[in-house]
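K.L.:
The file below is data.txt, compact mmCIF, C-alpha atoms:
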# COMPACT_ATOMS: atom_id res chain seq x y z
CA MET A 295 0.00 0.00 0.00
CA PRO A 296 1.61 3.29 -1.05
CA ILE A 297 2.11 5.82 1.72
CA PRO A 298 0.58 9.17 0.78
CA ILE A 299 3.02 12.05 0.39
CA LEU A 300 1.49 15.53 0.52
CA LYS A 301 3.17 18.73 -0.65
CA GLN A 302 2.92 21.93 1.42
CA GLY A 303 5.00 24.52 -0.40
CA GLN A 304 8.55 23.17 -0.42
CA ILE A 305 7.77 20.70 2.37
CA LEU A 306 6.71 17.09 1.87
CA ILE A 307 4.57 15.32 4.47
CA ALA A 308 4.36 11.52 4.64
CA THR A 309 1.86 9.99 7.05
CA MET A 310 2.53 6.37 7.89
CA PRO A 311 -0.50 4.10 8.33
CA SER A 312 -0.76 1.75 11.31
CA ALA A 313 -0.31 -1.38 9.18
CA LEU A 314 3.14 -1.06 7.65
CA THR A 315 5.34 -3.69 6.01
CA ASP A 316 9.07 -3.56 5.34
CA GLU A 317 8.23 -3.27 1.62
CA ASP A 318 6.07 -0.21 2.36
CA LEU A 319 9.03 1.40 4.12
CA ILE A 320 11.37 0.62 1.23
CA ASP A 321 8.85 2.11 -1.22
CA LEU A 322 8.51 5.20 0.98
CA ARG A 323 12.29 5.66 0.95
CA GLY A 324 12.43 5.68 -2.85
CA ASN A 325 9.32 7.83 -3.26
CA LEU A 326 10.39 10.46 -0.73
CA ILE A 327 13.92 10.82 -2.08
CA GLY A 328 12.58 11.06 -5.64
CA LYS A 329 9.87 13.62 -4.82
CA ALA A 330 12.19 15.67 -2.62
CA GLY A 331 14.61 16.00 -5.53
CA ALA A 332 11.86 16.71 -8.05
CA ILE A 333 10.42 19.65 -6.11
CA HIS A 334 13.69 20.76 -4.48
CA ALA A 335 12.11 20.19 -1.07
CA SER A 336 13.55 22.19 1.80
CA GLY A 337 11.89 19.95 4.37
CA VAL A 338 10.26 16.58 4.90
CA ILE A 339 7.96 15.54 7.73
CA ILE A 340 7.39 11.88 8.48
CA ASP A 341 4.34 11.41 10.70
CA VAL A 342 4.47 8.16 12.68
CA THR A 343 1.52 8.93 14.97
CA ALA A 344 -0.43 5.82 13.88
CA LEU A 345 2.45 3.43 14.54
CA ASP A 346 2.17 1.45 17.75
CA ILE A 347 5.63 -0.10 17.24
CA ILE A 348 8.83 0.97 15.55
CA ASP A 349 11.08 -2.05 15.09
CA SER A 350 14.82 -2.07 14.41
CA PHE A 351 14.34 -2.19 10.62
CA ALA A 352 11.96 0.79 10.63
CA CYS A 353 14.21 2.74 12.99
CA ARG A 354 17.32 2.14 10.85
CA LEU A 355 15.45 2.96 7.62
CA ILE A 356 14.03 6.20 9.06
CA ARG A 357 17.45 7.28 10.34
CA ASN A 358 19.16 6.49 7.02
CA LEU A 359 16.35 8.12 5.04
CA THR A 360 16.73 11.27 7.12
CA LEU A 361 20.46 11.38 6.44
CA ALA A 362 19.94 10.78 2.70
CA LEU A 363 17.33 13.54 2.51
CA ARG A 364 19.68 15.92 4.33
CA LEU A 365 22.33 15.19 1.68
CA ARG A 366 19.68 16.13 -0.90
CA GLY A 367 19.10 19.47 0.88
CA ALA A 368 15.93 18.64 2.82
CA GLU A 369 15.78 18.83 6.60
CA THR A 370 13.65 15.97 7.95
CA VAL A 371 11.51 15.90 11.09
CA ILE A 372 9.85 12.82 12.58
CA VAL A 373 6.62 13.60 14.42
CA GLY A 374 4.13 11.73 16.55
CA ILE A 375 6.20 9.08 18.33
CA GLN A 376 3.77 7.78 20.91
CA PRO A 377 4.94 7.58 24.57
CA ASP A 378 4.75 3.76 24.70
CA VAL A 379 6.65 3.50 21.42
CA ALA A 380 9.36 5.87 22.68
CA PHE A 381 9.70 3.87 25.90
CA ALA A 382 9.91 0.57 24.00
CA MET A 383 12.54 2.01 21.63
CA VAL A 384 14.68 3.07 24.58
CA GLN A 385 14.27 -0.32 26.26
CA LEU A 386 15.32 -2.08 23.04
CA GLY A 387 18.29 0.23 22.50
CA LEU A 388 16.87 1.69 19.26
CA SER A 389 18.03 5.20 18.51
CA LEU A 390 17.20 7.99 16.13
CA ASP A 391 20.47 9.83 16.83
CA GLY A 392 20.91 12.81 14.54
CA VAL A 393 17.21 12.88 13.64
CA THR A 394 15.02 15.82 14.62
CA THR A 395 11.83 14.70 16.37
CA MET A 396 8.86 16.78 17.44
CA LEU A 397 5.52 16.16 19.06
CA ASP A 398 3.21 17.09 16.22
CA LEU A 399 2.80 18.38 12.68
CA ASP A 400 2.29 22.02 13.71
CA ASP A 401 5.58 22.08 15.64
CA ALA A 402 7.42 20.49 12.70
CA LEU A 403 5.96 22.90 10.13
CA GLY A 404 6.89 25.87 12.30
CA PHE A 405 10.41 24.54 12.77
CA LEU A 406 10.93 23.91 9.06
CA TYR A 407 9.52 27.32 8.06
CA ARG A 408 11.85 29.01 10.58
CA GLN A 409 14.81 27.00 9.24
CA ASN A 410 13.94 27.91 5.67
CA TYR A 411 13.32 31.61 6.18
CA SER A 412 15.76 32.48 8.95
CA GLY A 413 18.72 32.47 6.59
CA GLU A 414 20.52 29.88 8.72
CA GLN A 415 22.85 27.52 6.93
CA ARG A 416 22.02 23.86 7.31
CA ASP A 417 24.74 21.24 7.73
Represent the structure of the file as structure tokens.
P.N.:
Amino acid sequence: MPIPILKQGQILIATMPSALTDEDLIDLRGNLIGKAGAIHASGVIIDVTALDIIDSFACRLIRNLTLALRLRGAETVIVGIQPDVAFAMVQLGLSLDGVTTMLDLDDALGFLYRQNYSGEQRD
């Protein structure tokens, strides 16, 4: 099942459904990198609110996708990690080091707009 990717100006928003396979994640990776390049995205938001588990494969893919998108010029923010999911990730030793996370879509949009229009240089 393809994950919908919405465009809000120069920002892409991908909302992950609750039922997610490894193949869906791999498809998302290719689609997001392709669309980010096509529109010269300045930011990408990945909304994981519906996920009740983030396993090691999903965590690694999200982290690597974030780094790849940064190399393409798009800052990426992960939003909506549920408290139980965050606790389980910590207990399992899963990490999103180097990945910006925020509570919700509004916070992420505000952050990305400030990054884009503040004149700050991104790494």
K.L.:
For a test of reading the model, state the distance in Å between atom CA of Leu306 of chain A and atom CA of Val379 of chain A, rounded to one decimal.
P.N.:
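Distance between the two atoms: 23.8 Å.
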K.L.:
Separation of atom CA of Asp398 of chain A and atom CA of Ser336 of chain A, in Å?
P.N.:
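Here the two named atoms are 18.5 Å from each other.
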K.L.:
Closest to Leu386 of chain A among A:Leu359, A:Ile340, A:Leu314, A:Ile347, using all atoms listed in the file?
P.N.:
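Looking only at the distances to Leu386 of chain A, the closest residue turns out to be A:Ile347.
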K.L.:
So that I can check the surroundings of Ala380 of chain A, please list as a list in words every protein, DNA and RNA residue that reaches within 12 Å of it, counting only C-alpha atoms and ignoring chain neighbours fewer than 2 positions away.
P.N.:
Val342, Thr343, Leu345, Asp346, Ile347, Ile348, Asp349, Cys353, Val373, Gly374, Ile375, Gln376, Pro377, Asp378, Ala382, Met383, Val384, Gln385, Leu386, Gly387, Leu388, Ser389, Leu390, Thr395 and Leu397 of chain A
K.L.:
Just want the 7 Å neighbourhood of Val393 of chain A, counted on only C-alpha atoms, with same-chain residues fewer than 6 positions away dropped. Output as a ChimeraX atom specification.
P.N.:
/A:357,360,371
K.L.:
Enter the distance from atom CA of Arg354 of chain A to atom CA of Leu399 of chain A, in Å, rounded to one decimal.
P.N.:
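Between atom CA of Arg354 of chain A and atom CA of Leu399 of chain A the gap is 21.9 Å.
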K.L.:
Any idea what's packed within 8 Å of Pro296 of chain A, counting all atoms listed in the file, ignoring anything in its chain fewer than 6 positions away? Could you give it as a list of chain:residue names?
P.N.:
A:Asp318, A:Asp321, A:Leu322
K.L.:
Check the smallest atom-to-atom distance from each of A:Ala330, A:Asp316, A:Asn325, A:Gln409 to Lys301 of chain A using only C-alpha atoms, then report the winner.
P.N.:
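Of all the options, A:Ala330 lies closest to Lys301 of chain A.
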